[in-house]
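Structure file protein_7.txt (compact mmCIF, C-alpha atoms) follows.
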# COMPACT_ATOMS: atom_id res chain seq x y z
CA MET A 1 -5.57 1.01 5.28
CA THR A 2 -2.46 2.76 4.01
CA ASP A 3 -1.60 2.37 0.34
CA ARG A 4 1.97 1.15 0.84
CA ALA A 5 4.64 1.66 -1.76
CA TYR A 6 6.65 -1.29 -3.01
CA ARG A 7 9.71 -1.67 -5.21
CA ALA A 8 10.26 -4.53 -7.65
CA ALA A 9 13.40 -6.63 -7.61
CA PRO A 10 16.45 -4.98 -9.19
CA PRO A 11 17.14 -5.65 -12.88
CA GLY A 12 18.69 -9.04 -13.42
CA ALA A 13 17.45 -10.47 -10.11
CA LEU A 14 14.50 -12.26 -11.71
CA ARG A 15 14.29 -14.53 -14.72
CA VAL A 16 10.76 -14.53 -16.11
CA GLU A 17 9.70 -17.31 -18.49
CA PRO A 18 6.15 -17.58 -19.89
CA LEU A 19 4.84 -21.17 -19.85
CA GLY A 20 1.48 -20.95 -21.57
CA GLU A 21 -1.03 -19.62 -19.03
CA LEU A 22 1.56 -19.83 -16.25
CA THR A 23 4.72 -17.79 -15.84
CA ALA A 24 7.80 -19.11 -14.05
CA ILE A 25 9.73 -16.48 -12.13
CA PHE A 26 13.15 -17.56 -10.90
CA ASP A 27 14.53 -15.32 -8.17
CA ARG A 28 18.31 -15.46 -8.40
CA ARG A 29 18.66 -13.97 -4.91
CA SER A 30 16.68 -16.66 -3.08
CA MET A 31 17.15 -19.43 -5.68
CA GLN A 32 13.37 -19.98 -5.63
CA THR A 33 11.07 -20.46 -8.59
CA HIS A 34 7.54 -19.13 -8.39
CA LEU A 35 4.73 -20.16 -10.73
CA VAL A 36 2.27 -17.31 -11.17
CA VAL A 37 -0.61 -16.33 -13.42
CA SER A 38 -1.71 -13.02 -14.81
CA PRO A 39 -1.65 -10.27 -13.56
CA MET A 40 1.54 -10.94 -11.54
CA PRO A 41 4.01 -10.66 -14.47
CA GLU A 42 2.19 -7.57 -15.77
CA ILE A 43 2.40 -5.96 -12.33
CA LEU A 44 6.15 -6.58 -12.13
CA ASN A 45 6.61 -5.14 -15.63
CA ALA A 46 4.54 -2.06 -14.79
CA MET A 47 6.61 -1.41 -11.67
CA ALA A 48 9.76 -1.22 -13.81
CA GLY A 49 12.04 -0.86 -10.80
CA ASP A 50 10.26 2.26 -9.52
CA ALA A 51 8.65 2.40 -6.11
CA CYS A 52 4.90 2.63 -6.48
CA ASN A 53 1.72 2.01 -4.55
CA ALA A 54 -1.53 0.41 -5.74
CA ALA A 55 -2.93 3.73 -6.98
CA ALA A 56 0.15 4.50 -9.11
CA LEU A 57 0.23 0.92 -10.34
CA ALA A 58 -3.46 1.12 -11.34
CA ASP A 59 -2.70 4.27 -13.34
CA ARG A 60 0.18 2.57 -15.14
CA LEU A 61 -1.77 -0.60 -15.90
CA ALA A 62 -4.84 1.36 -17.05
CA GLU A 63 -2.76 2.66 -19.96
CA THR A 64 -2.68 -0.88 -21.38
CA PHE A 65 -5.53 -2.82 -19.74
CA ASP A 66 -9.21 -2.18 -19.02
CA LEU A 67 -9.25 -2.29 -15.23
CA GLY A 68 -12.93 -1.48 -14.73
CA GLY A 69 -13.55 0.62 -11.62
CA ALA A 70 -10.47 2.43 -10.36
CA ASP A 71 -11.30 1.84 -6.69
CA ASP A 72 -11.86 -1.88 -7.26
CA ALA A 73 -8.60 -2.13 -9.20
CA ARG A 74 -6.64 -0.41 -6.44
CA GLY A 75 -7.94 -2.83 -3.83
CA VAL A 76 -7.10 -5.86 -5.95
CA LEU A 77 -3.66 -4.48 -6.82
CA ALA A 78 -2.93 -3.77 -3.15
CA GLU A 79 -3.67 -7.45 -2.45
CA ARG A 80 -1.45 -8.60 -5.32
CA LEU A 81 1.39 -6.37 -4.09
CA ARG A 82 1.13 -7.94 -0.63
CA GLU A 83 1.24 -11.41 -2.24
CA LEU A 84 4.30 -10.48 -4.29
CA ALA A 85 5.95 -9.13 -1.13
CA ALA A 86 5.21 -12.41 0.69
CA MET A 87 6.98 -14.25 -2.17
CA GLY A 88 9.94 -11.86 -1.92
CA LEU A 89 9.49 -10.55 -5.47
CA VAL A 90 8.81 -6.98 -4.31
CA GLU A 91 9.69 -5.19 -1.10
CA ARG A 92 8.36 -2.20 0.78
CA ALA A 93 9.89 1.02 -0.44
Show me, as structure tokens, the structure contained in the file I just sent.
Amino acid sequence: MTDRAYRAAPPGALRVEPLGELTAIFDRRSMQTHLVVSPMPEILNAMAGDACNAAALADRLAETFDLGGADDARGVLAERLRELAAMGLVERA
């Protein structure tokens, strides 16, 4: 499967509010609120508005977090990127 690149929402489009173990993400464009858990907020932060694929995202997150095996992390991150795309919080670049 191709490691697709995605781009996070533009600055100001999302309001992110931690709520204990949950994080509320309000998308000003769609007027929808999403309740997510880690690692979704960390993924959005690591994307920082740049287009990146799961491999690049794994490299960025590995600077801060212990991701274990790189291949396993890439597969999991590819899934999370697809989930974020389904929610409309990231889009294909």
Find the residues near Leu89 in chain A: any atom within 12 Å, counting only C-alpha atoms, skip ones fewer than 5 places away on the same chain, and give them as a PyMOL selection string. chain A and resi 6-11+13-16+25-36+40-41+43-45+47+49+80-84
For a cut-off of 6 Å around (6.9, -1.2, -2.7), file coordinates, pick out all residues using only C-alpha atoms and list them as a list in words.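 With a cut-off of 6 Å, the residues come to Ala5, Tyr6, Arg7, Ala51, Cys52, Glu91, Arg92 and Ala93 of chain A.
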In Å, how far is it from CA of Ala48 in chain A to CA of Thr2 in chain A? 22.0 Å
What separation in Å, quoted to one decimal, exists between CA of Ala62 in chain A and CA of Val37 in chain A? 18.5 Å
I'd like to know which of A:Gly69, A:Gly75, A:Gly20, A:Gly88 is closest to Ser38 in chain A, using only C-alpha atoms.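 Of all the options, A:Gly20 lies closest to Ser38 in chain A.
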Please, what distance in Å, to one decimal, runs between CA of Met87 in chain A and CA of Leu19 in chain A?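 Computing the Euclidean distance for CA of Met87 in chain A and CA of Leu19 in chain A yields 19.1 Å.
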Counting all atoms listed in the file, which of A:Ala46, A:Leu22, A:Ala54, A:Val90 gets nearest to Ala78 in chain A? A:Ala54
What are the centre and edge lengths in Å, to one decimal, of the axis-aligned box around all listed atoms of range 24-38 of chain A with 3 Å added on each side, as AutoDock Vina command-line options?
--center_x 8.5 --center_y -16.7 --center_z -8.9 --size_x 26.4 --size_y 13.4 --size_z 17.7
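With only C-alpha atoms as the atoms that count, the minimum distance from Glu21 in chain A to the choices A:Asn53, A:Arg4, A:Pro39, A:Leu61 is reached by A:Pro39.
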Taking into account all atoms listed in the file, which residue in the set A:Thr64, A:Ala58, A:Glu17, A:Gly12 is nearest to Leu77 in chain A?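 So, comparing all the options, the nearest one is A:Ala58.
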Just write range 34-66 of chain A with N, CA and C atoms, as a compact mmCIF listing (two decimals), in the first residue's frame, taken from the block above.
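result-v9.txt, written as the output of this step:
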# COMPACT_ATOMS: atom_id res chain seq x y z
N HIS A 34 -14.96 16.83 17.71
CA HIS A 34 -14.51 15.45 17.75
C HIS A 34 -13.86 15.20 19.11
N LEU A 35 -14.20 14.11 19.75
CA LEU A 35 -13.54 13.70 20.98
C LEU A 35 -12.55 12.60 20.62
N VAL A 36 -11.28 12.83 20.92
CA VAL A 36 -10.23 11.88 20.54
C VAL A 36 -9.36 11.60 21.76
N VAL A 37 -8.56 10.57 21.64
CA VAL A 37 -7.58 10.22 22.66
C VAL A 37 -6.20 10.23 22.01
N SER A 38 -5.20 10.16 22.83
CA SER A 38 -3.84 10.07 22.35
C SER A 38 -3.72 8.84 21.45
N PRO A 39 -3.07 8.92 20.34
CA PRO A 39 -2.09 9.89 19.88
C PRO A 39 -2.62 10.92 18.88
N MET A 40 -3.93 11.06 18.73
CA MET A 40 -4.47 11.96 17.71
C MET A 40 -3.99 13.40 17.87
N PRO A 41 -4.08 14.01 19.07
CA PRO A 41 -3.60 15.40 19.19
C PRO A 41 -2.09 15.51 18.92
N GLU A 42 -1.34 14.51 19.35
CA GLU A 42 0.11 14.53 19.13
C GLU A 42 0.43 14.42 17.64
N ILE A 43 -0.35 13.65 16.92
CA ILE A 43 -0.15 13.53 15.47
C ILE A 43 -0.40 14.87 14.80
N LEU A 44 -1.50 15.51 15.15
CA LEU A 44 -1.81 16.82 14.55
C LEU A 44 -0.72 17.84 14.87
N ASN A 45 -0.22 17.83 16.10
CA ASN A 45 0.87 18.75 16.47
C ASN A 45 2.13 18.46 15.67
N ALA A 46 2.45 17.18 15.50
CA ALA A 46 3.67 16.82 14.78
C ALA A 46 3.58 17.18 13.30
N MET A 47 2.38 17.19 12.76
CA MET A 47 2.23 17.55 11.34
C MET A 47 2.52 19.03 11.12
N ALA A 48 2.14 19.86 12.06
CA ALA A 48 2.47 21.29 12.05
C ALA A 48 2.20 21.97 10.70
N GLY A 49 1.13 21.58 10.03
CA GLY A 49 0.77 22.23 8.79
C GLY A 49 1.54 21.76 7.57
N ASP A 50 2.55 20.92 7.77
CA ASP A 50 3.33 20.40 6.64
C ASP A 50 2.69 19.11 6.13
N ALA A 51 2.79 18.88 4.86
CA ALA A 51 2.35 17.60 4.30
C ALA A 51 3.36 16.54 4.71
N CYS A 52 2.86 15.42 5.21
CA CYS A 52 3.77 14.34 5.56
C CYS A 52 3.04 13.00 5.48
N ASN A 53 3.81 11.96 5.29
CA ASN A 53 3.26 10.61 5.26
C ASN A 53 3.57 9.93 6.59
N ALA A 54 3.17 8.67 6.72
CA ALA A 54 3.36 7.95 7.98
C ALA A 54 4.83 7.82 8.35
N ALA A 55 5.69 7.62 7.36
CA ALA A 55 7.12 7.47 7.64
C ALA A 55 7.70 8.77 8.19
N ALA A 56 7.38 9.90 7.56
CA ALA A 56 7.88 11.19 8.05
C ALA A 56 7.30 11.51 9.42
N LEU A 57 6.03 11.17 9.62
CA LEU A 57 5.38 11.41 10.90
C LEU A 57 6.03 10.56 11.99
N ALA A 58 6.36 9.31 11.68
CA ALA A 58 7.04 8.44 12.65
C ALA A 58 8.38 9.04 13.05
N ASP A 59 9.12 9.57 12.08
CA ASP A 59 10.40 10.21 12.38
C ASP A 59 10.21 11.40 13.31
N ARG A 60 9.21 12.22 13.05
CA ARG A 60 8.96 13.40 13.88
C ARG A 60 8.56 13.00 15.30
N LEU A 61 7.65 12.03 15.40
CA LEU A 61 7.18 11.61 16.72
C LEU A 61 8.25 10.87 17.51
N ALA A 62 9.15 10.17 16.82
CA ALA A 62 10.22 9.43 17.49
C ALA A 62 11.18 10.36 18.23
N GLU A 63 11.20 11.63 17.84
CA GLU A 63 12.06 12.60 18.54
C GLU A 63 11.57 12.84 19.97
N THR A 64 10.28 12.62 20.21
CA THR A 64 9.69 12.89 21.52
C THR A 64 9.21 11.63 22.23
N PHE A 65 8.73 10.64 21.47
CA PHE A 65 8.10 9.46 22.04
C PHE A 65 8.86 8.19 21.65
N ASP A 66 8.79 7.18 22.51
CA ASP A 66 9.35 5.87 22.19
C ASP A 66 8.29 5.12 21.39
